[in-house]
$ cat target.pdb   # PDB, C-alpha atoms (C1' of nucleotides)
MODEL        1
ATOM      1  CA  MET A 169    -130.947  17.263-120.613
ATOM      2  CA  ARG A 170    -127.315  16.627-121.509
ATOM      3  CA  ARG A 171    -124.906  15.773-118.712
ATOM      4  CA  ASN A 172    -121.196  16.371-118.537
ATOM      5  CA  THR A 173    -119.438  13.112-117.896
ATOM      6  CA  ILE A 174    -115.798  12.558-117.173
ATOM      7  CA  GLN A 175    -115.529  10.386-120.305
ATOM      8  CA  LYS A 176    -116.878  13.101-122.582
ATOM      9  CA  THR A 177    -114.555  15.628-120.953
ATOM     10  CA  ALA A 178    -111.660  13.225-121.420
ATOM     11  CA  ILE A 179    -112.463  12.749-125.086
ATOM     12  CA  GLU A 180    -112.501  16.477-125.630
ATOM     13  CA  LYS A 181    -109.190  16.799-123.843
ATOM     14  CA  VAL A 182    -107.674  14.125-126.072
ATOM     15  CA  PHE A 183    -108.451  16.258-129.104
ATOM     16  CA  ARG A 184    -107.107  19.375-127.458
ATOM     17  CA  GLN A 185    -103.887  17.635-126.509
ATOM     18  CA  HIS A 186    -103.297  16.094-129.928
ATOM     19  CA  GLU A 187    -103.805  18.752-132.539
ATOM     20  CA  ARG A 188    -104.303  16.377-135.435
ATOM     21  CA  PRO A 189    -107.050  14.143-136.854
ATOM     22  CA  LEU A 190    -107.589  11.043-134.746
ATOM     23  CA  GLY A 191    -109.087   7.640-135.413
ATOM     24  CA  ILE A 192    -111.449   5.876-133.010
ATOM     25  CA  ASP A 193    -108.750   3.588-131.679
ATOM     26  CA  GLU A 194    -106.507   6.535-130.943
ATOM     27  CA  VAL A 195    -109.266   8.317-129.076
ATOM     28  CA  VAL A 196    -109.927   5.177-127.056
ATOM     29  CA  THR A 197    -106.257   4.615-126.293
ATOM     30  CA  TYR A 198    -105.451   8.193-125.331
ATOM     31  CA  GLY A 199    -108.774   8.555-123.579
ATOM     32  CA  ARG A 200    -108.029   5.584-121.335
ATOM     33  CA  GLU A 201    -104.958   7.369-120.073
ATOM     34  CA  LEU A 202    -107.430   9.820-118.585
ATOM     35  CA  VAL A 203    -110.324   7.481-117.758
ATOM     36  CA  LYS A 204    -109.083   3.892-117.584
ATOM     37  CA  SER A 205    -112.562   2.355-117.929
ATOM     38  CA  LEU A 206    -113.375   4.262-121.110
ATOM     39  CA  ASN A 207    -115.309   2.062-123.474
ATOM     40  CA  GLN A 208    -115.278   2.108-127.250
ATOM     41  CA  ALA A 209    -119.073   2.342-127.470
ATOM     42  CA  THR A 210    -118.927   5.374-125.227
ATOM     43  CA  VAL A 211    -116.378   6.941-127.521
ATOM     44  CA  TYR A 212    -118.583   6.342-130.542
ATOM     45  CA  ARG A 213    -121.565   7.849-128.746
ATOM     46  CA  ASN A 214    -119.644  10.924-127.692
ATOM     47  CA  LEU A 215    -117.988  11.466-131.042
ATOM     48  CA  LYS A 216    -121.462  11.528-132.542
ATOM     49  CA  ILE A 217    -122.588  14.078-129.977
ATOM     50  CA  LEU A 218    -119.529  16.245-130.520
ATOM     51  CA  ILE A 219    -120.191  16.192-134.248
ATOM     52  CA  GLU A 220    -123.821  17.168-133.710
ATOM     53  CA  ASP A 221    -122.607  19.989-131.506
ATOM     54  CA  GLY A 222    -120.302  21.139-134.273
ATOM     55  CA  TRP A 223    -117.225  20.627-132.115
ATOM     56  CA  LEU A 224    -115.811  17.824-134.252
ATOM     57  CA  GLU A 225    -116.062  16.793-137.861
ATOM     58  CA  ARG A 226    -115.539  13.543-139.640
ATOM     59  CA  ILE A 227    -113.024  13.224-142.444
ATOM     60  CA  ALA A 228    -112.632  10.352-144.891
ATOM     61  CA  HIS A 229    -108.973   9.419-144.942
ATOM     62  CA  PRO A 230    -107.814   7.598-148.104
ATOM     63  CA  VAL A 231    -105.676   5.186-146.094
ATOM     64  CA  LEU A 232    -106.941   5.188-142.522
ATOM     65  CA  GLY A 233    -110.661   5.404-143.124
ATOM     66  CA  VAL A 234    -112.683   7.653-140.834
ATOM     67  CA  LEU A 235    -110.847  10.198-138.714
ATOM     68  CA  TYR A 236    -112.201  12.949-136.495
ATOM     69  CA  GLU A 237    -110.844  16.427-136.045
ATOM     70  CA  ARG A 238    -111.768  19.637-134.310
ATOM     71  CA  THR A 239    -113.809  22.103-136.291
ATOM     72  CA  GLY A 240    -112.974  25.735-136.786
ATOM     73  CA  LYS A 241    -109.543  25.354-138.306
ATOM     74  CA  GLY A 242    -110.542  27.018-141.534
ATOM     75  CA  HIS A 243    -109.555  25.754-144.949
ATOM     76  CA  HIS A 244    -106.618  23.388-144.707
ATOM     77  CA  HIS A 245    -105.375  20.034-145.914
ATOM     78  CA  HIS A 246    -103.690  16.942-144.566
ATOM     79  CA  PHE A 247    -100.382  15.155-144.705
ATOM     80  CA  TYR A 248    -100.166  11.432-144.122
ATOM     81  CA  CYS A 249     -96.831  10.007-143.014
ATOM     82  CA  ARG A 250     -96.351   6.544-144.463
ATOM     83  CA  GLU A 251     -93.759   5.782-141.830
ATOM     84  CA  CYS A 252     -95.561   6.525-138.567
ATOM     85  CA  ASP A 253     -99.080   6.325-139.948
ATOM     86  CA  LEU A 254    -100.044   9.675-138.468
ATOM     87  CA  THR A 255    -101.955  12.419-140.231
ATOM     88  CA  PHE A 256    -101.094  16.072-139.736
ATOM     89  CA  ASP A 257    -102.834  19.312-140.525
ATOM     90  CA  LEU A 258    -101.214  21.476-143.114
ATOM     91  CA  PRO A 259    -101.489  25.247-143.010
ATOM     92  CA  GLY A 260    -102.337  26.989-146.257
ATOM     93  CA  CYS A 261    -103.493  25.613-149.569
ATOM     94  CA  PRO A 262    -101.329  24.791-152.573
ATOM     95  CA  VAL A 263    -104.272  24.358-154.922
ATOM     96  CA  ASN A 264    -104.783  26.896-157.662
ATOM     97  CA  GLU A 265    -108.558  27.221-157.746
ATOM     98  CA  ASP A 266    -108.546  28.636-161.268
ATOM     99  CA  ASP A 267    -106.431  25.887-162.775
ATOM    100  CA  ALA A 268    -108.559  23.490-160.809
ATOM    101  CA  THR A 269    -111.716  24.440-162.631
ATOM    102  CA  PRO A 270    -112.127  22.417-165.814
ATOM    103  CA  GLU A 271    -114.338  23.520-168.719
ATOM    104  CA  GLY A 272    -117.978  23.519-167.776
ATOM    105  CA  PHE A 273    -117.501  22.241-164.240
ATOM    106  CA  ILE A 274    -118.524  24.294-161.230
ATOM    107  CA  VAL A 275    -116.024  23.693-158.455
ATOM    108  CA  GLU A 276    -117.493  24.288-155.029
ATOM    109  CA  ASP A 277    -114.845  22.740-152.844
ATOM    110  CA  HIS A 278    -111.791  20.515-152.818
ATOM    111  CA  GLU A 279    -109.887  18.143-150.633
ATOM    112  CA  LEU A 280    -106.167  17.424-150.765
ATOM    113  CA  PHE A 281    -104.022  14.771-149.141
ATOM    114  CA  LEU A 282    -100.248  14.790-149.280
ATOM    115  CA  PHE A 283     -98.315  11.587-148.716
ATOM    116  CA  GLY A 284     -94.745  11.213-147.615
ATOM    117  CA  ILE A 285     -92.478  11.257-144.593
ATOM    118  CA  CYS A 286     -92.964  13.585-141.638
ATOM    119  CA  PRO A 287     -90.142  15.448-139.888
ATOM    120  CA  SER A 288     -90.033  13.024-136.968
ATOM    121  CA  CYS A 289     -89.618   9.996-139.230
ATOM    122  CA  ASP A 290     -87.164  11.519-141.669
TER     123      ASP A 290
ATOM    124  CA  MET B 732    -103.734 -21.319-166.881
ATOM    125  CA  ARG B 733    -105.981 -18.245-167.124
ATOM    126  CA  ARG B 734    -109.049 -18.431-169.327
ATOM    127  CA  ASN B 735    -110.796 -15.628-171.146
ATOM    128  CA  THR B 736    -114.409 -15.618-170.141
ATOM    129  CA  ILE B 737    -117.190 -13.544-171.593
ATOM    130  CA  GLN B 738    -117.766 -11.977-168.161
ATOM    131  CA  LYS B 739    -114.173 -10.828-167.821
ATOM    132  CA  THR B 740    -114.256  -9.476-171.356
ATOM    133  CA  ALA B 741    -117.504  -7.691-170.572
ATOM    134  CA  ILE B 742    -116.052  -6.109-167.446
ATOM    135  CA  GLU B 743    -113.094  -4.809-169.406
ATOM    136  CA  LYS B 744    -115.427  -3.415-172.028
ATOM    137  CA  VAL B 745    -117.428  -1.620-169.355
ATOM    138  CA  PHE B 746    -114.321   0.272-168.315
ATOM    139  CA  ARG B 747    -113.405   1.058-171.911
ATOM    140  CA  GLN B 748    -116.888   2.369-172.622
ATOM    141  CA  HIS B 749    -117.098   4.525-169.512
ATOM    142  CA  GLU B 750    -113.905   6.479-169.202
ATOM    143  CA  ARG B 751    -114.298   7.288-165.529
ATOM    144  CA  PRO B 752    -113.829   5.575-162.158
ATOM    145  CA  LEU B 753    -116.561   3.033-161.470
ATOM    146  CA  GLY B 754    -117.947   1.438-158.329
ATOM    147  CA  ILE B 755    -118.748  -2.253-158.028
ATOM    148  CA  ASP B 756    -122.456  -1.714-158.494
ATOM    149  CA  GLU B 757    -121.875   0.267-161.650
ATOM    150  CA  VAL B 758    -119.665  -2.452-163.062
ATOM    151  CA  VAL B 759    -122.317  -5.038-162.248
ATOM    152  CA  THR B 760    -125.116  -2.959-163.727
ATOM    153  CA  TYR B 761    -123.336  -2.016-166.941
ATOM    154  CA  GLY B 762    -121.806  -5.464-167.171
ATOM    155  CA  ARG B 763    -125.220  -7.098-167.126
ATOM    156  CA  GLU B 764    -126.136  -5.148-170.221
ATOM    157  CA  LEU B 765    -123.475  -7.249-171.897
ATOM    158  CA  VAL B 766    -123.824 -10.503-169.965
ATOM    159  CA  LYS B 767    -127.224 -10.664-168.273
ATOM    160  CA  SER B 768    -126.232 -13.415-165.823
ATOM    161  CA  LEU B 769    -123.177 -11.513-164.537
ATOM    162  CA  ASN B 770    -122.821 -12.051-160.819
ATOM    163  CA  GLN B 771    -121.410  -9.659-158.258
ATOM    164  CA  ALA B 772    -118.967 -12.231-156.893
ATOM    165  CA  THR B 773    -117.660 -12.729-160.407
ATOM    166  CA  VAL B 774    -117.144  -9.014-160.741
ATOM    167  CA  TYR B 775    -115.201  -8.908-157.482
ATOM    168  CA  ARG B 776    -113.048 -11.816-158.587
ATOM    169  CA  ASN B 777    -112.294 -10.250-161.941
ATOM    170  CA  LEU B 778    -111.611  -6.805-160.570
ATOM    171  CA  LYS B 779    -109.014  -8.397-158.318
ATOM    172  CA  ILE B 780    -107.442 -10.146-161.293
ATOM    173  CA  LEU B 781    -107.421  -6.972-163.381
ATOM    174  CA  ILE B 782    -105.707  -5.153-160.545
ATOM    175  CA  GLU B 783    -103.099  -7.902-160.206
ATOM    176  CA  ASP B 784    -102.538  -7.631-163.946
ATOM    177  CA  GLY B 785    -102.033  -3.892-163.583
ATOM    178  CA  TRP B 786    -104.966  -3.135-165.850
ATOM    179  CA  LEU B 787    -107.049  -1.500-163.122
ATOM    180  CA  GLU B 788    -106.329   0.301-159.896
ATOM    181  CA  ARG B 789    -108.369   0.918-156.809
ATOM    182  CA  ILE B 790    -109.020   4.442-155.576
ATOM    183  CA  ALA B 791    -110.454   5.495-152.222
ATOM    184  CA  HIS B 792    -113.233   7.968-152.917
ATOM    185  CA  PRO B 793    -114.093  10.300-150.019
ATOM    186  CA  VAL B 794    -117.818   9.961-150.658
ATOM    187  CA  LEU B 795    -118.385   6.804-152.666
ATOM    188  CA  GLY B 796    -115.865   4.502-151.048
ATOM    189  CA  VAL B 797    -113.885   2.196-153.311
ATOM    190  CA  LEU B 798    -113.850   2.904-157.037
ATOM    191  CA  TYR B 799    -111.885   1.257-159.799
ATOM    192  CA  GLU B 800    -110.262   2.891-162.785
ATOM    193  CA  ARG B 801    -108.018   1.983-165.670
ATOM    194  CA  THR B 802    -104.317   2.369-165.125
ATOM    195  CA  GLY B 803    -101.958   4.268-167.366
ATOM    196  CA  LYS B 804    -103.653   7.628-167.314
ATOM    197  CA  GLY B 805    -100.692   9.367-165.759
ATOM    198  CA  HIS B 806    -100.945  11.886-162.957
ATOM    199  CA  HIS B 807    -104.447  13.260-162.701
ATOM    200  CA  HIS B 808    -107.190  14.030-160.203
ATOM    201  CA  HIS B 809    -110.915  13.591-159.803
ATOM    202  CA  PHE B 810    -114.074  15.629-159.780
ATOM    203  CA  TYR B 811    -117.138  14.435-157.914
ATOM    204  CA  CYS B 812    -120.512  15.805-158.988
ATOM    205  CA  ARG B 813    -122.795  16.133-155.993
ATOM    206  CA  GLU B 814    -125.802  16.188-158.265
ATOM    207  CA  CYS B 815    -125.409  13.028-160.322
ATOM    208  CA  ASP B 816    -123.024  11.259-157.988
ATOM    209  CA  LEU B 817    -120.555  10.522-160.769
ATOM    210  CA  THR B 818    -116.805  10.949-160.578
ATOM    211  CA  PHE B 819    -114.810  12.250-163.523
ATOM    212  CA  ASP B 820    -111.155  12.321-164.388
ATOM    213  CA  LEU B 821    -109.562  15.720-164.545
ATOM    214  CA  PRO B 822    -106.672  16.429-166.871
ATOM    215  CA  GLY B 823    -103.718  18.292-165.440
ATOM    216  CA  CYS B 824    -102.860  19.170-161.870
ATOM    217  CA  PRO B 825    -103.608  22.423-160.048
ATOM    218  CA  VAL B 826    -101.390  21.606-157.096
ATOM    219  CA  ASN B 827     -98.221  23.611-156.604
ATOM    220  CA  GLU B 828     -95.804  20.984-155.357
ATOM    221  CA  ASP B 829     -93.498  23.569-153.846
ATOM    222  CA  ASP B 830     -96.174  25.358-151.871
ATOM    223  CA  ALA B 831     -97.416  21.939-150.913
ATOM    224  CA  THR B 832     -94.260  21.012-149.101
ATOM    225  CA  PRO B 833     -94.344  22.182-145.493
ATOM    226  CA  GLU B 834     -91.199  22.664-143.387
ATOM    227  CA  GLY B 835     -89.446  19.422-142.715
ATOM    228  CA  PHE B 836     -91.938  17.207-144.529
ATOM    229  CA  ILE B 837     -90.935  15.126-147.511
ATOM    230  CA  VAL B 838     -93.816  15.044-149.938
ATOM    231  CA  GLU B 839     -93.779  11.995-152.172
ATOM    232  CA  ASP B 840     -97.225  12.145-153.663
ATOM    233  CA  HIS B 841    -100.629  13.754-153.397
ATOM    234  CA  GLU B 842    -104.268  13.159-154.120
ATOM    235  CA  LEU B 843    -106.882  15.787-154.922
ATOM    236  CA  PHE B 844    -110.648  15.624-155.159
ATOM    237  CA  LEU B 845    -112.765  18.491-156.437
ATOM    238  CA  PHE B 846    -116.424  18.706-155.516
ATOM    239  CA  GLY B 847    -119.169  20.534-157.323
ATOM    240  CA  ILE B 848    -121.533  20.304-160.273
ATOM    241  CA  CYS B 849    -120.620  18.726-163.581
ATOM    242  CA  PRO B 850    -121.514  20.216-166.979
ATOM    243  CA  SER B 851    -124.430  17.809-167.507
ATOM    244  CA  CYS B 852    -126.048  18.723-164.207
ATOM    245  CA  ASP B 853    -125.455  22.462-164.375
TER     246      ASP B 853
ATOM    247  C1'  DA C  92    -115.393 -34.061-180.144
ATOM    248  C1'  DA C  93    -113.984 -35.176-175.386
ATOM    249  C1'  DG C  94    -111.768 -34.461-171.136
ATOM    250  C1'  DT C  95    -109.624 -31.431-167.817
ATOM    251  C1'  DT C  96    -110.190 -27.861-164.876
ATOM    252  C1'  DA C  97    -110.627 -22.712-164.472
ATOM    253  C1'  DT C  98    -114.594 -19.842-163.814
ATOM    254  C1'  DT C  99    -119.246 -18.801-162.778
ATOM    255  C1'  DG C 100    -123.530 -18.205-160.084
ATOM    256  C1'  DC C 101    -125.590 -18.532-155.750
ATOM    257  C1'  DA C 102    -125.874 -18.505-151.067
ATOM    258  C1'  DA C 103    -123.652 -18.626-146.997
ATOM    259  C1'  DA C 104    -119.789 -16.923-144.491
ATOM    260  C1'  DT C 105    -116.350 -13.304-143.151
ATOM    261  C1'  DG C 106    -114.410  -9.227-141.449
ATOM    262  C1'  DC C 107    -114.952  -4.732-139.728
ATOM    263  C1'  DA C 108    -116.787  -0.561-138.232
ATOM    264  C1'  DT C 109    -120.571   1.107-135.845
ATOM    265  C1'  DT C 110    -124.831   0.605-133.213
ATOM    266  C1'  DT C 111    -127.882  -1.052-129.702
ATOM    267  C1'  DG C 112    -130.247  -3.392-125.516
ATOM    268  C1'  DC C 113    -129.915  -3.498-120.831
ATOM    269  C1'  DA C 114    -128.501  -3.579-116.144
ATOM    270  C1'  DT C 115    -125.518  -0.568-113.496
ATOM    271  C1'  DT C 116    -123.494   3.842-112.443
ATOM    272  C1'  DA C 117    -123.104   8.602-112.103
ATOM    273  C1'  DT C 118    -124.736  13.426-112.923
ATOM    274  C1'  DC C 119    -127.482  17.098-111.649
ATOM    275  C1'  DA C 120    -131.832  19.460-110.350
ATOM    276  C1'  DT C 121    -134.368  20.014-106.168
TER     277       DT C 121
ATOM    278  C1'  DA D 104    -128.692  14.150 -99.472
ATOM    279  C1'  DT D 105    -132.081  12.073-102.603
ATOM    280  C1'  DG D 106    -134.510  10.928-106.670
ATOM    281  C1'  DA D 107    -135.013  10.934-111.620
ATOM    282  C1'  DT D 108    -132.837   9.615-115.554
ATOM    283  C1'  DA D 109    -128.898  10.371-118.825
ATOM    284  C1'  DA D 110    -124.681   8.039-119.757
ATOM    285  C1'  DT D 111    -121.590   4.135-119.281
ATOM    286  C1'  DG D 112    -119.696  -0.554-119.890
ATOM    287  C1'  DC D 113    -120.297  -4.908-121.888
ATOM    288  C1'  DA D 114    -121.747  -8.025-125.070
ATOM    289  C1'  DA D 115    -124.570  -9.034-128.607
ATOM    290  C1'  DA D 116    -126.469  -7.315-132.802
ATOM    291  C1'  DT D 117    -126.291  -4.692-137.256
ATOM    292  C1'  DG D 118    -125.033  -3.232-141.661
ATOM    293  C1'  DC D 119    -122.005  -3.427-145.427
ATOM    294  C1'  DA D 120    -118.444  -4.618-148.451
ATOM    295  C1'  DT D 121    -115.927  -8.460-149.801
ATOM    296  C1'  DT D 122    -114.788 -13.386-149.775
ATOM    297  C1'  DT D 123    -115.534 -18.265-150.097
ATOM    298  C1'  DG D 124    -117.418 -23.227-150.657
ATOM    299  C1'  DC D 125    -119.436 -25.908-153.956
ATOM    300  C1'  DA D 126    -122.009 -27.829-157.680
ATOM    301  C1'  DA D 127    -122.813 -26.553-162.410
ATOM    302  C1'  DT D 128    -120.878 -24.471-166.592
ATOM    303  C1'  DA D 129    -117.823 -23.170-170.027
ATOM    304  C1'  DA D 130    -112.845 -22.541-171.956
ATOM    305  C1'  DC D 131    -109.219 -24.520-173.865
ATOM    306  C1'  DT D 132    -105.799 -28.328-174.855
ATOM    307  C1'  DT D 133    -105.190 -32.488-177.327
TER     308       DT D 133
ENDMDL
END
$ encode --input "target.pdb" --output "structure tokens"
Amino acid sequence: MRRNTIQKTAIEKVFRQHERPLGIDEVVTYGRELVKSLNQATVYRNLKILIEDGWLERIAHPVLGVLYERTGKGHHHHFYCRECDLTFDLPGCPVNEDDATPEGFIVEDHELFLFGICPSCD
Amino acid sequence: MRRNTIQKTAIEKVFRQHERPLGIDEVVTYGRELVKSLNQATVYRNLKILIEDGWLERIAHPVLGVLYERTGKGHHHHFYCRECDLTFDLPGCPVNEDDATPEGFIVEDHELFLFGICPSCD
DNA sequence: AAGTTATTGCAAATGCATTTGCATTATCAT
DNA sequence: ATGATAATGCAAATGCATTTGCAATAACTT
């Protein structure tokens, strides 16, 4: 049976506190503010569990590699700030699905990343 | 001084023959049809040179990892076929830059991937 | 044609992200 | 409170993509 550990609880809290996609190192760093002994292997194990549980999902970031973010946000995209290296969720979708469908191709889904400078860094 | 080898020439030809982003393995495989002894390390070395020369550029594919494609195609996006695993260039851009710019963010660039089934696999 | 040396092929080495073995610790059912 | 065992921390091990050392080969200059 699955047990609730303080490290798993801490990891979940990290995602609730930071409403944006996080990398493993960020989860470890922020998680240690809650559980100082938190180990990277433990983070990996729990991220896997949270993904299996459908609480998190993995995203492939073009610059940062693998990031994790909470599920259930609906269709949205991401903005990567080249200054602070953080990735933010973007509400809405600026992609015109019709224009996006080329001759003969069946478009099932899409993924968009915007790059630039975030409000804090501007 | 830089020498023109048959393997470098072959690698360039591979990209000219297949007008789509290619992964290392594809370059090796197609390249060997032109130069049977072609080695993977040689491909890596030449891809690096072609990038330095501005003839190729690296793209981070959300599913396939690193792909390489010819430069000079102008702004465009990519379509990944989940059936055949190939990635195609898409002409035009279905992203509304204005809608894409959230409050306070400065958008400098963007990257879009479409997922679905290509004409050959449909 | 001959010599110089950039490039290749091959195998071993790196660099990283992620996983795993194991002794120790902590959670939870009883 | 106690026992059974899931989860943790740590370090070593994996798995991959990419790089590198080196002897052999091939491109060019003369």
$ resolve_selection --input "target.pdb" --expression "the PyMOL selection byres ((chain D) within 9 of (chain A))" --output "MDAnalysis selection string"
chainID D and resid 109:113
$ write_last_selection --input "target.pdb" --atoms "C-alpha atoms (C1' of nucleotides)" --output "PDB file, in the frame of the given file"
ATOM      1  C1'  DA D 109    -128.898  10.371-118.825  1.00  0.00           C
ATOM      2  C1'  DA D 110    -124.681   8.039-119.757  1.00  0.00           C
ATOM      3  C1'  DT D 111    -121.590   4.135-119.281  1.00  0.00           C
ATOM      4  C1'  DG D 112    -119.696  -0.554-119.890  1.00  0.00           C
ATOM      5  C1'  DC D 113    -120.297  -4.908-121.888  1.00  0.00           C
TER       6       DC D 113
END
$ resolve_selection --input "target.pdb" --expression "the PyMOL selection byres ((chain C) within 12 of (chain A))" --output "ChimeraX atom specification"
/C:107-111,116-120
$ residues_near_point --input "target.pdb" --point "(-95.6, 4.9, -139.1)" --cutoff "12 Å" --atoms "all atoms listed in the file" --output "PDB file with C-alpha atoms, in the frame of the given file"
ATOM      1  CA  LEU A 232    -106.941   5.188-142.522  1.00  0.00           C
ATOM      2  CA  TYR A 248    -100.166  11.432-144.122  1.00  0.00           C
ATOM      3  CA  CYS A 249     -96.831  10.007-143.014  1.00  0.00           C
ATOM      4  CA  ARG A 250     -96.351   6.544-144.463  1.00  0.00           C
ATOM      5  CA  GLU A 251     -93.759   5.782-141.830  1.00  0.00           C
ATOM      6  CA  CYS A 252     -95.561   6.525-138.567  1.00  0.00           C
ATOM      7  CA  ASP A 253     -99.080   6.325-139.948  1.00  0.00           C
ATOM      8  CA  LEU A 254    -100.044   9.675-138.468  1.00  0.00           C
ATOM      9  CA  THR A 255    -101.955  12.419-140.231  1.00  0.00           C
ATOM     10  CA  GLY A 284     -94.745  11.213-147.615  1.00  0.00           C
ATOM     11  CA  ILE A 285     -92.478  11.257-144.593  1.00  0.00           C
ATOM     12  CA  CYS A 286     -92.964  13.585-141.638  1.00  0.00           C
ATOM     13  CA  PRO A 287     -90.142  15.448-139.888  1.00  0.00           C
ATOM     14  CA  SER A 288     -90.033  13.024-136.968  1.00  0.00           C
ATOM     15  CA  CYS A 289     -89.618   9.996-139.230  1.00  0.00           C
ATOM     16  CA  ASP A 290     -87.164  11.519-141.669  1.00  0.00           C
TER      17      ASP A 290
END
$ resolve_selection --input "target.pdb" --expression "the PyMOL selection byres ((chain B) within 10 of (chain A))" --output "short mmCIF file (atom, residue, chain, number, x, y, z; two decimals) with C-alpha atoms, keeping the file's coordinate frame"
data_model
loop_
_atom_site.label_atom_id
_atom_site.label_comp_id
_atom_site.auth_asym_id
_atom_site.auth_seq_id
_atom_site.Cartn_x
_atom_site.Cartn_y
_atom_site.Cartn_z
CA ILE B 790 -109.02 4.44 -155.58
CA ALA B 791 -110.45 5.50 -152.22
CA HIS B 792 -113.23 7.97 -152.92
CA PRO B 793 -114.09 10.30 -150.02
CA VAL B 794 -117.82 9.96 -150.66
CA GLY B 796 -115.86 4.50 -151.05
CA VAL B 797 -113.88 2.20 -153.31
CA HIS B 808 -107.19 14.03 -160.20
CA HIS B 809 -110.92 13.59 -159.80
CA PHE B 810 -114.07 15.63 -159.78
CA TYR B 811 -117.14 14.44 -157.91
CA CYS B 812 -120.51 15.80 -158.99
CA ARG B 813 -122.80 16.13 -155.99
CA LEU B 821 -109.56 15.72 -164.54
CA PRO B 822 -106.67 16.43 -166.87
CA GLY B 823 -103.72 18.29 -165.44
CA CYS B 824 -102.86 19.17 -161.87
CA PRO B 825 -103.61 22.42 -160.05
CA VAL B 826 -101.39 21.61 -157.10
CA ASN B 827 -98.22 23.61 -156.60
CA GLU B 828 -95.80 20.98 -155.36
CA ASP B 829 -93.50 23.57 -153.85
CA ASP B 830 -96.17 25.36 -151.87
CA ALA B 831 -97.42 21.94 -150.91
CA THR B 832 -94.26 21.01 -149.10
CA PRO B 833 -94.34 22.18 -145.49
CA GLU B 834 -91.20 22.66 -143.39
CA GLY B 835 -89.45 19.42 -142.72
CA PHE B 836 -91.94 17.21 -144.53
CA ILE B 837 -90.94 15.13 -147.51
CA VAL B 838 -93.82 15.04 -149.94
CA GLU B 839 -93.78 12.00 -152.17
CA ASP B 840 -97.22 12.14 -153.66
CA HIS B 841 -100.63 13.75 -153.40
CA GLU B 842 -104.27 13.16 -154.12
CA LEU B 843 -106.88 15.79 -154.92
CA PHE B 844 -110.65 15.62 -155.16
CA LEU B 845 -112.76 18.49 -156.44
CA PHE B 846 -116.42 18.71 -155.52
CA GLY B 847 -119.17 20.53 -157.32
CA ILE B 848 -121.53 20.30 -160.27
CA CYS B 849 -120.62 18.73 -163.58
CA PRO B 850 -121.51 20.22 -166.98
CA SER B 851 -124.43 17.81 -167.51
CA CYS B 852 -126.05 18.72 -164.21
CA ASP B 853 -125.46 22.46 -164.38
#
$ atom_distance --input "target.pdb" --atom1 "atom CA of A:Lys181" --atom2 "atom C1' of C:DC113"
29.2 Å
$ residues_near_point --input "target.pdb" --point "(-116.0, -11.5, -139.7)" --cutoff "12 Å" --atoms "all atoms listed in the file" --output "ChimeraX atom specification"
/C:104-108 /D:119-122
$ closest_residue --input "target.pdb" --among "C:DT115, C:DA103, C:DT121, C:DT96" --to "D:DC131" --atoms "only C-alpha atoms (C1' of nucleotides)"
C:DT96
$ atom_distance --input "target.pdb" --atom1 "atom CA of B:Arg763" --atom2 "atom C1' of C:DT95"
28.9 Å
$ atom_distance --input "target.pdb" --atom1 "atom CA of B:Gly785" --atom2 "atom CA of B:Thr802"
6.8 Å
$ closest_residue --input "target.pdb" --among "B:Ile780, B:His806, B:Lys767, B:Ile742" --to "B:Gly754" --atoms "all atoms listed in the file"
B:Ile742
$ decode --input "target.pdb" --residues "stretch 785-797 of chain B" --atoms "C-alpha atoms" --output "PDB file, in the first residue's frame"
ATOM      1  CA  GLY B 785      25.656  28.286 -40.885  1.00  0.00           C
ATOM      2  CA  TRP B 786      24.569  25.613 -43.332  1.00  0.00           C
ATOM      3  CA  LEU B 787      22.620  23.611 -40.756  1.00  0.00           C
ATOM      4  CA  GLU B 788      20.860  24.376 -37.517  1.00  0.00           C
ATOM      5  CA  ARG B 789      19.916  22.262 -34.566  1.00  0.00           C
ATOM      6  CA  ILE B 790      16.313  22.012 -33.421  1.00  0.00           C
ATOM      7  CA  ALA B 791      15.011  20.539 -30.173  1.00  0.00           C
ATOM      8  CA  HIS B 792      12.211  18.154 -31.065  1.00  0.00           C
ATOM      9  CA  PRO B 793       9.726  17.445 -28.255  1.00  0.00           C
ATOM     10  CA  VAL B 794       9.588  13.750 -29.109  1.00  0.00           C
ATOM     11  CA  LEU B 795      12.686  12.888 -31.106  1.00  0.00           C
ATOM     12  CA  GLY B 796      15.263  14.986 -29.310  1.00  0.00           C
ATOM     13  CA  VAL B 797      17.855  16.771 -31.420  1.00  0.00           C
TER      14      VAL B 797
END
